[in-house]
>>> print(open('model.txt').read())   # compact mmCIF, C-alpha atoms and all ligand atoms
# COMPACT_ATOMS: atom_id res chain seq x y z
CA MET A 13 130.49 -99.41 -21.04
CA LYS A 14 128.74 -96.62 -22.96
CA ILE A 15 125.36 -95.61 -21.59
CA ASN A 16 122.47 -95.33 -24.02
CA LEU A 17 120.26 -92.66 -22.47
CA ALA A 18 117.32 -93.42 -24.76
CA HIS A 19 117.32 -97.00 -23.45
CA ILE A 20 117.42 -95.81 -19.84
CA LYS A 21 114.51 -93.50 -20.57
CA LYS A 22 112.52 -96.35 -22.07
CA ALA A 23 113.20 -98.60 -19.06
CA LYS A 24 112.17 -95.78 -16.75
CA LYS A 25 108.93 -95.26 -18.66
CA TYR A 26 107.93 -98.91 -18.27
CA LEU A 27 108.95 -99.06 -14.61
CA ASN A 28 106.91 -95.94 -13.85
CA LYS A 29 103.91 -97.78 -15.30
CA ASN A 30 104.58 -100.74 -12.98
CA GLU A 31 105.74 -102.94 -15.83
CA CYS A 32 108.73 -105.30 -15.52
CA VAL A 33 112.01 -104.80 -17.39
CA ALA A 34 115.22 -106.81 -17.29
CA ILE A 35 118.27 -104.94 -16.01
CA PRO A 36 121.97 -105.75 -16.25
CA THR A 37 124.03 -106.13 -13.09
CA GLU A 38 127.65 -107.13 -12.54
CA THR A 39 126.50 -110.48 -11.09
CA VAL A 40 123.59 -111.62 -13.29
CA TYR A 41 120.67 -109.90 -15.05
CA GLY A 42 117.64 -109.08 -12.89
CA LEU A 43 113.91 -108.98 -13.63
CA ALA A 44 113.03 -105.57 -12.21
CA GLY A 45 109.91 -103.78 -11.05
CA ASN A 46 108.93 -100.95 -8.71
CA ALA A 47 109.51 -102.33 -5.19
CA TYR A 48 106.84 -99.99 -3.78
CA SER A 49 104.16 -101.34 -6.12
CA ASP A 50 102.15 -104.50 -5.34
CA LYS A 51 101.16 -104.69 -8.97
CA ALA A 52 104.74 -104.65 -10.29
CA CYS A 53 105.87 -107.21 -7.68
CA GLU A 54 102.96 -109.54 -8.45
CA LYS A 55 104.10 -109.48 -12.07
CA ILE A 56 107.65 -110.46 -11.16
CA PHE A 57 106.45 -113.51 -9.23
CA ARG A 58 104.11 -114.49 -12.04
CA LEU A 59 106.68 -114.12 -14.83
CA LYS A 60 109.38 -116.00 -12.93
CA LYS A 61 106.90 -118.67 -11.78
CA ARG A 62 108.33 -118.05 -8.37
CA PRO A 63 106.49 -119.29 -5.27
CA LYS A 64 105.19 -116.42 -3.14
CA TYR A 65 107.07 -117.59 -0.05
CA ASN A 66 110.42 -116.95 -1.75
CA PRO A 67 111.19 -113.23 -1.17
CA LEU A 68 112.74 -110.80 -3.69
CA ILE A 69 115.98 -108.81 -3.49
CA VAL A 70 115.57 -105.04 -3.67
CA HIS A 71 118.13 -102.83 -5.43
CA TYR A 72 118.99 -99.31 -4.29
CA TYR A 73 121.22 -96.57 -5.66
CA ASP A 74 122.83 -95.96 -2.27
CA TYR A 75 122.23 -96.26 1.47
CA LYS A 76 120.60 -92.83 1.70
CA ASN A 77 117.67 -94.17 -0.31
CA LEU A 78 117.53 -97.21 1.95
CA LYS A 79 117.31 -95.38 5.28
CA ASP A 80 113.54 -94.92 5.00
CA ASP A 81 112.93 -98.64 4.51
CA CYS A 82 115.41 -100.49 6.74
CA ASN A 83 117.25 -100.25 10.05
CA LEU A 84 120.99 -99.94 9.37
CA ASN A 85 123.70 -100.97 11.82
CA GLU A 86 127.45 -100.83 12.32
CA ASN A 87 128.21 -104.05 10.44
CA PHE A 88 126.16 -102.79 7.53
CA PHE A 89 128.25 -99.64 7.24
CA LYS A 90 131.55 -101.54 7.55
CA LEU A 91 130.62 -103.81 4.65
CA TYR A 92 128.92 -101.05 2.67
CA LYS A 93 132.05 -98.90 2.77
CA LYS A 94 134.23 -101.72 1.54
CA PHE A 95 132.05 -103.53 -1.01
CA CYS A 96 129.26 -101.28 -2.26
CA PRO A 97 128.24 -100.82 -4.90
CA GLY A 98 129.08 -104.48 -5.51
CA PRO A 99 128.08 -108.15 -5.34
CA VAL A 100 126.84 -108.37 -1.75
CA THR A 101 123.24 -108.59 -0.52
CA PHE A 102 122.30 -107.65 3.04
CA ILE A 103 119.40 -109.02 5.03
CA LEU A 104 118.07 -106.18 7.19
CA ASN A 105 115.05 -105.45 9.37
CA LEU A 106 112.30 -103.54 7.62
CA LYS A 107 111.00 -100.38 9.25
CA LYS A 108 107.27 -100.27 10.04
CA LYS A 109 106.82 -97.13 7.95
CA SER A 110 108.60 -98.68 4.95
CA ARG A 111 106.76 -98.44 1.63
CA ILE A 112 108.21 -101.74 0.35
CA SER A 113 105.42 -103.92 -1.05
CA LYS A 114 104.43 -106.61 1.46
CA ILE A 115 104.38 -109.08 -1.41
CA ILE A 116 108.17 -108.87 -1.70
CA THR A 117 108.83 -110.32 1.75
CA ASN A 118 105.68 -112.43 2.05
CA GLN A 119 104.55 -110.11 4.88
CA LYS A 120 107.78 -110.71 6.87
CA MET A 121 109.73 -107.81 8.36
CA MET A 122 113.13 -108.62 6.85
CA LEU A 123 114.40 -107.46 3.48
CA ALA A 124 117.27 -108.44 1.17
CA VAL A 125 118.95 -105.35 -0.30
CA ARG A 126 121.73 -104.78 -2.76
CA PHE A 127 123.56 -101.89 -4.46
CA PRO A 128 124.52 -103.08 -7.94
CA LYS A 129 127.69 -101.74 -9.52
CA HIS A 130 126.77 -101.94 -13.19
CA VAL A 131 126.92 -98.38 -14.61
CA VAL A 132 123.78 -98.75 -16.73
CA THR A 133 121.63 -99.90 -13.82
CA ARG A 134 123.16 -97.31 -11.49
CA ASN A 135 122.24 -94.65 -13.98
CA LEU A 136 118.67 -95.97 -14.08
CA LEU A 137 118.41 -96.24 -10.27
CA LYS A 138 119.52 -92.63 -9.94
CA LYS A 139 116.73 -91.48 -12.23
CA ILE A 140 113.75 -93.27 -10.66
CA LYS A 141 111.93 -92.49 -7.44
CA PHE A 142 111.71 -96.02 -6.08
CA PRO A 143 114.01 -98.99 -5.45
CA LEU A 144 113.86 -101.98 -7.80
CA ALA A 145 112.79 -105.45 -6.76
CA ALA A 146 114.88 -107.66 -9.05
CA PRO A 147 115.42 -111.39 -8.66
CA SER A 148 117.60 -113.06 -11.26
CA ALA A 149 115.88 -112.84 -14.67
CA ASN A 150 115.28 -116.56 -15.17
CA ILE A 151 112.32 -118.87 -14.68
CA SER A 152 112.53 -120.33 -11.14
CA SER A 153 115.19 -123.04 -10.68
CA ARG A 154 116.79 -122.52 -14.11
CA LEU A 155 120.21 -120.99 -14.78
CA SER A 156 120.67 -117.29 -14.12
CA PRO A 157 121.20 -115.06 -17.18
CA VAL A 158 124.52 -113.32 -17.79
CA CYS A 159 123.54 -111.49 -21.00
CA SER A 160 120.39 -110.15 -22.64
CA LYS A 161 120.18 -113.17 -24.95
CA ASP A 162 119.91 -115.49 -21.93
CA VAL A 163 117.00 -113.40 -20.62
CA LYS A 164 115.26 -113.64 -24.00
CA GLU A 165 115.62 -117.42 -23.94
CA ASP A 166 113.54 -117.67 -20.76
CA PHE A 167 111.00 -114.90 -21.31
CA GLY A 168 110.77 -114.16 -25.04
CA LYS A 169 108.28 -111.35 -25.55
CA GLU A 170 106.73 -111.75 -22.11
CA ILE A 171 108.78 -108.90 -20.71
CA LYS A 172 108.41 -105.42 -22.13
CA PHE A 173 112.05 -104.43 -22.35
CA ILE A 174 115.56 -105.69 -21.70
CA LEU A 175 118.02 -102.98 -20.81
CA GLU A 176 121.23 -103.92 -22.63
CA GLY A 177 124.36 -103.96 -20.47
CA GLY A 178 126.68 -106.44 -22.15
CA ARG A 179 127.96 -109.52 -20.39
CA SER A 180 127.88 -109.59 -16.57
CA THR A 181 131.47 -109.28 -15.35
CA ILE A 182 131.15 -111.43 -12.22
CA GLY A 183 128.72 -113.96 -13.65
CA ILE A 184 127.58 -115.49 -10.38
CA GLU A 185 124.97 -114.13 -7.95
CA SER A 186 125.78 -111.90 -4.98
CA THR A 187 126.90 -113.18 -1.59
CA ILE A 188 123.97 -112.92 0.84
CA ILE A 189 124.75 -111.97 4.44
CA ASP A 190 122.19 -111.69 7.20
CA ILE A 191 123.47 -108.88 9.46
CA ARG A 192 120.40 -108.34 11.59
CA ASN A 193 122.16 -109.97 14.53
CA GLU A 194 125.25 -112.16 14.48
CA PRO A 195 126.33 -112.13 10.81
CA LYS A 196 125.47 -115.27 8.83
CA ILE A 197 126.18 -116.09 5.20
CA LEU A 198 123.01 -117.37 3.52
CA ARG A 199 124.40 -117.74 0.01
CA LEU A 200 127.98 -117.93 -1.26
CA GLY A 201 128.55 -115.58 -4.16
CA GLY A 202 130.50 -112.78 -5.82
CA ILE A 203 132.48 -111.76 -2.72
CA ASP A 204 134.30 -114.51 -0.95
CA VAL A 205 133.60 -115.12 2.73
CA LYS A 206 137.23 -114.69 3.83
CA THR A 207 137.25 -111.09 2.59
CA ILE A 208 134.03 -110.38 4.48
CA GLN A 209 135.45 -111.99 7.64
CA LYS A 210 138.46 -109.71 7.43
CA ILE A 211 136.34 -106.58 7.28
CA LEU A 212 134.09 -107.64 10.16
CA ASN A 213 137.11 -109.00 12.01
CA ARG A 214 135.35 -112.21 13.03
CA LYS A 215 134.51 -115.68 11.85
CA ILE A 216 131.16 -115.81 10.13
CA ILE A 217 128.70 -118.67 10.30
CA LEU A 218 127.75 -120.30 7.03
CA LYS A 219 124.05 -121.10 6.89
CA ASN A 220 123.72 -122.07 3.27
CA ASN A 221 123.21 -125.78 3.75
CA PRO A 222 120.41 -126.75 1.38
CA SER A 223 119.21 -129.53 3.67
CA LYS A 224 118.44 -126.89 6.29
CA VAL A 225 116.66 -124.28 4.26
CA SER A 226 117.35 -120.92 5.91
CA ALA A 227 116.82 -118.65 2.93
CA PRO A 228 113.68 -119.84 1.19
CA GLY A 229 115.42 -119.77 -2.20
CA GLN A 230 118.22 -122.08 -1.15
CA SER A 231 116.42 -125.03 -2.63
CA LYS A 232 118.37 -128.00 -3.88
CA ILE A 233 117.37 -127.73 -7.49
CA HIS A 234 118.53 -124.16 -8.02
CA TYR A 235 120.80 -123.16 -10.87
CA SER A 236 120.04 -126.20 -12.99
CA PRO A 237 120.91 -126.39 -16.71
CA GLY A 238 118.12 -128.99 -16.99
CA ILE A 239 120.38 -132.02 -17.47
CA PRO A 240 122.05 -134.19 -14.81
CA ILE A 241 125.42 -133.11 -13.39
CA ARG A 242 127.94 -135.45 -11.77
CA LEU A 243 130.57 -133.90 -9.51
CA LYS A 244 134.24 -134.71 -8.80
CA ALA A 245 134.34 -136.94 -11.87
CA LYS A 246 137.64 -138.59 -12.81
CA LYS A 247 136.39 -139.74 -16.21
CA ALA A 248 133.48 -138.92 -18.48
CA LYS A 249 131.09 -141.69 -19.38
CA ASN A 250 129.90 -142.23 -22.93
CA GLU A 251 128.10 -139.22 -24.35
CA GLU A 252 128.78 -137.08 -21.29
CA ALA A 253 130.22 -133.58 -21.59
CA PHE A 254 133.34 -133.24 -19.41
CA LEU A 255 133.75 -129.90 -17.68
CA PHE A 256 137.12 -128.78 -16.29
CA ILE A 257 138.26 -125.70 -14.46
CA ASN A 258 141.15 -125.23 -16.95
CA LYS A 259 141.99 -126.04 -20.56
CA LYS A 260 143.49 -129.50 -21.07
CA LYS A 261 146.64 -130.09 -23.11
CA LYS A 262 144.92 -132.74 -25.18
CA PRO A 263 141.35 -131.55 -25.57
CA LYS A 264 138.59 -133.79 -26.89
CA SER A 265 135.34 -132.76 -28.55
CA ASN A 266 133.34 -133.30 -25.33
CA TYR A 267 135.77 -131.24 -23.18
CA TYR A 268 134.75 -127.83 -21.88
CA TYR A 269 136.67 -125.51 -19.57
CA LEU A 270 135.76 -122.52 -17.42
CA SER A 271 139.03 -120.62 -17.59
CA LYS A 272 142.04 -121.27 -19.83
CA LYS A 273 144.47 -121.10 -16.90
CA GLY A 274 142.08 -122.14 -14.13
CA ASN A 275 141.52 -118.63 -12.75
CA LEU A 276 138.56 -118.92 -10.36
CA ASN A 277 137.12 -115.44 -10.98
CA GLU A 278 137.16 -116.06 -14.71
CA ALA A 279 135.67 -119.50 -14.11
CA ALA A 280 132.75 -117.98 -12.16
CA LYS A 281 132.19 -115.52 -14.98
CA ASN A 282 131.98 -118.35 -17.51
CA LEU A 283 130.08 -120.90 -15.42
CA TYR A 284 126.47 -120.30 -16.50
CA SER A 285 127.27 -119.59 -20.14
CA THR A 286 129.32 -122.81 -20.37
CA LEU A 287 126.52 -124.88 -18.83
CA ARG A 288 124.11 -123.34 -21.34
CA LYS A 289 126.52 -124.12 -24.18
CA ILE A 290 126.80 -127.77 -23.13
CA LYS A 291 123.02 -128.07 -23.10
CA LYS A 292 122.79 -126.43 -26.54
CA ASP A 293 125.40 -128.84 -27.85
CA LYS A 294 122.83 -131.54 -27.01
CA TYR A 295 124.71 -133.40 -24.30
CA LYS A 296 122.38 -135.34 -22.02
CA SER A 297 124.56 -135.08 -18.91
CA ILE A 298 127.69 -133.39 -17.55
CA ALA A 299 130.66 -134.80 -15.65
CA VAL A 300 132.51 -132.11 -13.71
CA ALA A 301 136.15 -132.59 -12.69
CA LYS A 302 137.11 -131.40 -9.20
CA ILE A 303 137.18 -127.61 -8.80
CA PRO A 304 139.38 -126.01 -6.09
CA ASN A 305 137.22 -125.10 -3.11
CA GLN A 306 138.69 -121.67 -2.40
CA GLY A 307 137.79 -118.06 -3.24
CA LEU A 308 135.01 -117.97 -5.82
CA GLY A 309 135.60 -121.71 -6.31
CA LYS A 310 133.40 -122.20 -3.24
CA ALA A 311 130.49 -120.36 -4.88
CA ILE A 312 131.05 -122.33 -8.11
CA ASN A 313 131.00 -125.63 -6.22
CA ASP A 314 127.90 -124.53 -4.32
CA ARG A 315 126.04 -123.82 -7.58
CA LEU A 316 127.18 -127.08 -9.19
CA MET A 317 126.24 -129.06 -6.11
CA ARG A 318 122.72 -127.60 -6.17
CA ALA A 319 122.47 -128.14 -9.92
CA SER A 320 123.58 -131.77 -9.44
CA LYS A 321 120.45 -132.46 -7.36
CA PHE A 322 118.30 -131.97 -10.45
O1 LIG B 1 123.28 -111.08 -7.64
C1 LIG B 1 122.13 -111.14 -7.27
O2 LIG B 1 121.82 -111.22 -6.06
C2 LIG B 1 121.02 -111.14 -8.34
C3 LIG B 1 121.04 -109.78 -9.04
C4 LIG B 1 119.95 -109.64 -10.07
O3 LIG B 1 120.96 -108.78 -8.08
N1 LIG B 1 119.75 -111.44 -7.77
C5 LIG B 1 119.41 -112.66 -7.34
O4 LIG B 1 118.09 -112.73 -6.90
O5 LIG B 1 120.15 -113.61 -7.36
P1 LIG B 1 117.35 -114.10 -6.62
O6 LIG B 1 115.97 -113.70 -6.22
O7 LIG B 1 117.47 -114.98 -7.77
O8 LIG B 1 118.06 -114.70 -5.38
C6 LIG B 1 117.89 -114.05 -4.15
C7 LIG B 1 117.92 -115.01 -3.02
C8 LIG B 1 116.79 -115.99 -3.06
O9 LIG B 1 117.34 -117.25 -2.82
C9 LIG B 1 115.90 -115.55 -1.91
O10 LIG B 1 115.31 -116.64 -1.26
C10 LIG B 1 116.86 -114.86 -0.97
O11 LIG B 1 117.78 -114.24 -1.83
N2 LIG B 1 116.18 -113.82 -0.22
C11 LIG B 1 115.51 -112.77 -0.68
N3 LIG B 1 114.94 -112.07 0.32
C12 LIG B 1 115.28 -112.69 1.45
C13 LIG B 1 114.99 -112.48 2.82
N4 LIG B 1 114.27 -111.46 3.22
N5 LIG B 1 115.49 -113.35 3.71
C14 LIG B 1 116.24 -114.39 3.31
N6 LIG B 1 116.55 -114.65 2.03
C15 LIG B 1 116.07 -113.82 1.11
MG MG B 2 117.82 -116.64 -8.77
>>> encode(input="model.txt", output="structure tokens")
Amino acid sequence: MKINLAHIKKAKKYLNKNECVAIPTETVYGLAGNAYSDKACEKIFRLKKRPKYNPLIVHYYDYKNLKDDCNLNENFFKLYKKFCPGPVTFILNLKKKSRISKIITNQKMMLAVRFPKHVVTRNLLKKIKFPLAAPSANISSRLSPVCSKDVKEDFGKEIKFILEGGRSTIGIESTIIDIRNEPKILRLGGIDVKTIQKILNRKIILKNNPSKVSAPGQSKIHYSPGIPIRLKAKKAKNEEAFLFINKKKKPKSNYYYLSKKGNLNEAAKNLYSTLRKIKKDKYKSIAVAKIPNQGLGKAINDRLMRASKF
């Protein structure tokens, strides 16, 4: 991807003034603001209509920038070496002297941090003097955006600038792992749990059950396209869109697929855009055929399950 330096400069100018701009990442687009500024963070919550108790993820260029704000440990470095920059978010303890706005964590002393891989955002992060608080750039509980057009749909002119970065290559949010003590996965995402287990050489607890809310944002109605979703469907009812993992030999007009050959990474990449498309095509509900529960398929099923509670 070619970097437009004039665009980066413009984003930097707004961020320095504590305004919010949308930034591209390899997972989904984020709604970014200066993580050291109460004013910028207030704006993020207001624009997203996000409840204050649901904390924000903070994005850093690298761990050197993070050392002032959080306590790092052995597990952090193991995972950092292998996956960063990339689609993993760490929950860490905040240091007392940290300058992170208290609004981000709702006064709590734990912080979610991530090192995005997207070259445009990395270039921006390198040029600014603060980390970026950036939750997904959607109104709370709606679908996350995977391109600048998606961001525009939710926010229109309400945000000052969208930094263009093309389509997100992973298309599903980062995996969240709490590594303060015994590692726990709080959200399935862009890196599959098996790969993380291999690096840490241990089994990792999954604490992403929406009925037992551990991360405040793990609410049941997350990731919703705004129409009902029915899972593990064998048939589509009248007027339902029918979503498959792969392309069918005899497609019908209401058939949609996530990956021609059923590749799970490609399916994750296409998930949100396909759900948006179905909604735009005016279907009132979606039947989803069974999706293999392995690799990124687990994260896809997790999102669809939450969306189905709408
Ligand atoms: O891939 C991603 O993670 C994207 C891109 C933009 O980086 N960001 C993203 O942010 O998905 P958001 O805010 O939509 O989801 C972050 C989740 C929320 O469910 C939030 O509750 C949880 O992370 N979270 C944030 N801070 C936390 C903390 N200190 N402890 C536990 N969970 C936290
Ligand atoms: Mg989100």
>>> closest_residue(input="model.txt", among="A:Gly202, A:Pro99, A:Pro157, A:Gly45", to="ligand MG 2 (chain B)", atoms="only C-alpha atoms and all ligand atoms")
A:Pro157
>>> residues_near_ligand(input="model.txt", ligand="ligand LIG 1 (chain B)", cutoff="7 Å", atoms="all atoms listed in the file", output="ChimeraX atom specification")
/A:37,39-42,66-69,99,101,103,117,122-124,126,128,146-149,184-186,188,227-230
>>> atom_distance(input="model.txt", atom1="atom CA of Ser297 of chain A", atom2="atom CA of Ile312 of chain A")
17.9 Å
>>> residues_around(input="model.txt", residues="Ala34 of chain A", least_positions_apart="2", cutoff="7 Å", atoms="all atoms listed in the file", output="number ranges by chain")
A: 32, 36, 41-44, 149, 173-175
>>> closest_residue(input="model.txt", among="A:Asp74, A:Asp166, A:Lys22, A:Lys161", to="Lys93 of chain A", atoms="only C-alpha atoms")
A:Asp74
>>> atom_distance(input="model.txt", atom1="atom CA of Phe254 of chain A", atom2="atom MG of ligand MG 2 (chain B)")
25.1 Å
>>> closest_residue(input="model.txt", among="A:Ser110, A:Asn275, A:Asn150, A:Thr133", to="Ala23 of chain A", atoms="all atoms listed in the file")
A:Thr133
>>> atom_distance(input="model.txt", atom1="atom CA of Lys296 of chain A", atom2="atom CA of Ile239 of chain A")
6.0 Å
>>> closest_residue(input="model.txt", among="A:Arg111, A:Lys169, A:Arg192, A:Arg199", to="ligand MG 2 (chain B)", atoms="all atoms listed in the file")
A:Arg199
>>> residues_near_point(input="model.txt", point="(132.1, -138.1, -18.7)", cutoff="9 Å", atoms="all atoms listed in the file", output="list in words")
Arg242, Ala245, Lys246, Lys247, Ala248, Lys249, Asn250, Glu251, Glu252, Ala253, Phe254, Leu255, Asn266, Tyr267, Ser297, Ile298, Ala299 and Val300 of chain A
>>> write_last_selection(input="model.txt", atoms="C-alpha atoms", output="compact mmCIF listing (two decimals), in the coordinates of the input")
# COMPACT_ATOMS: atom_id res chain seq x y z
CA ARG A 242 127.94 -135.45 -11.77
CA ALA A 245 134.34 -136.94 -11.87
CA LYS A 246 137.64 -138.59 -12.81
CA LYS A 247 136.39 -139.74 -16.21
CA ALA A 248 133.48 -138.92 -18.48
CA LYS A 249 131.09 -141.69 -19.38
CA ASN A 250 129.90 -142.23 -22.93
CA GLU A 251 128.10 -139.22 -24.35
CA GLU A 252 128.78 -137.08 -21.29
CA ALA A 253 130.22 -133.58 -21.59
CA PHE A 254 133.34 -133.24 -19.41
CA LEU A 255 133.75 -129.90 -17.68
CA ASN A 266 133.34 -133.30 -25.33
CA TYR A 267 135.77 -131.24 -23.18
CA SER A 297 124.56 -135.08 -18.91
CA ILE A 298 127.69 -133.39 -17.55
CA ALA A 299 130.66 -134.80 -15.65
CA VAL A 300 132.51 -132.11 -13.71
>>> residues_around(input="model.txt", residues="Leu270 of chain A", least_positions_apart="3", cutoff="7 Å", atoms="only C-alpha atoms", output="number ranges by chain")
A: 256-258, 279, 282-283
>>> write_last_selection(input="model.txt", atoms="C-alpha atoms", output="PDB file, in the frame of the given file")
ATOM      1  CA  PHE A 256     137.120-128.780 -16.290  1.00  0.00           C
ATOM      2  CA  ILE A 257     138.260-125.700 -14.460  1.00  0.00           C
ATOM      3  CA  ASN A 258     141.150-125.230 -16.950  1.00  0.00           C
ATOM      4  CA  ALA A 279     135.670-119.500 -14.110  1.00  0.00           C
ATOM      5  CA  ASN A 282     131.980-118.350 -17.510  1.00  0.00           C
ATOM      6  CA  LEU A 283     130.080-120.900 -15.420  1.00  0.00           C
TER       7      LEU A 283
END
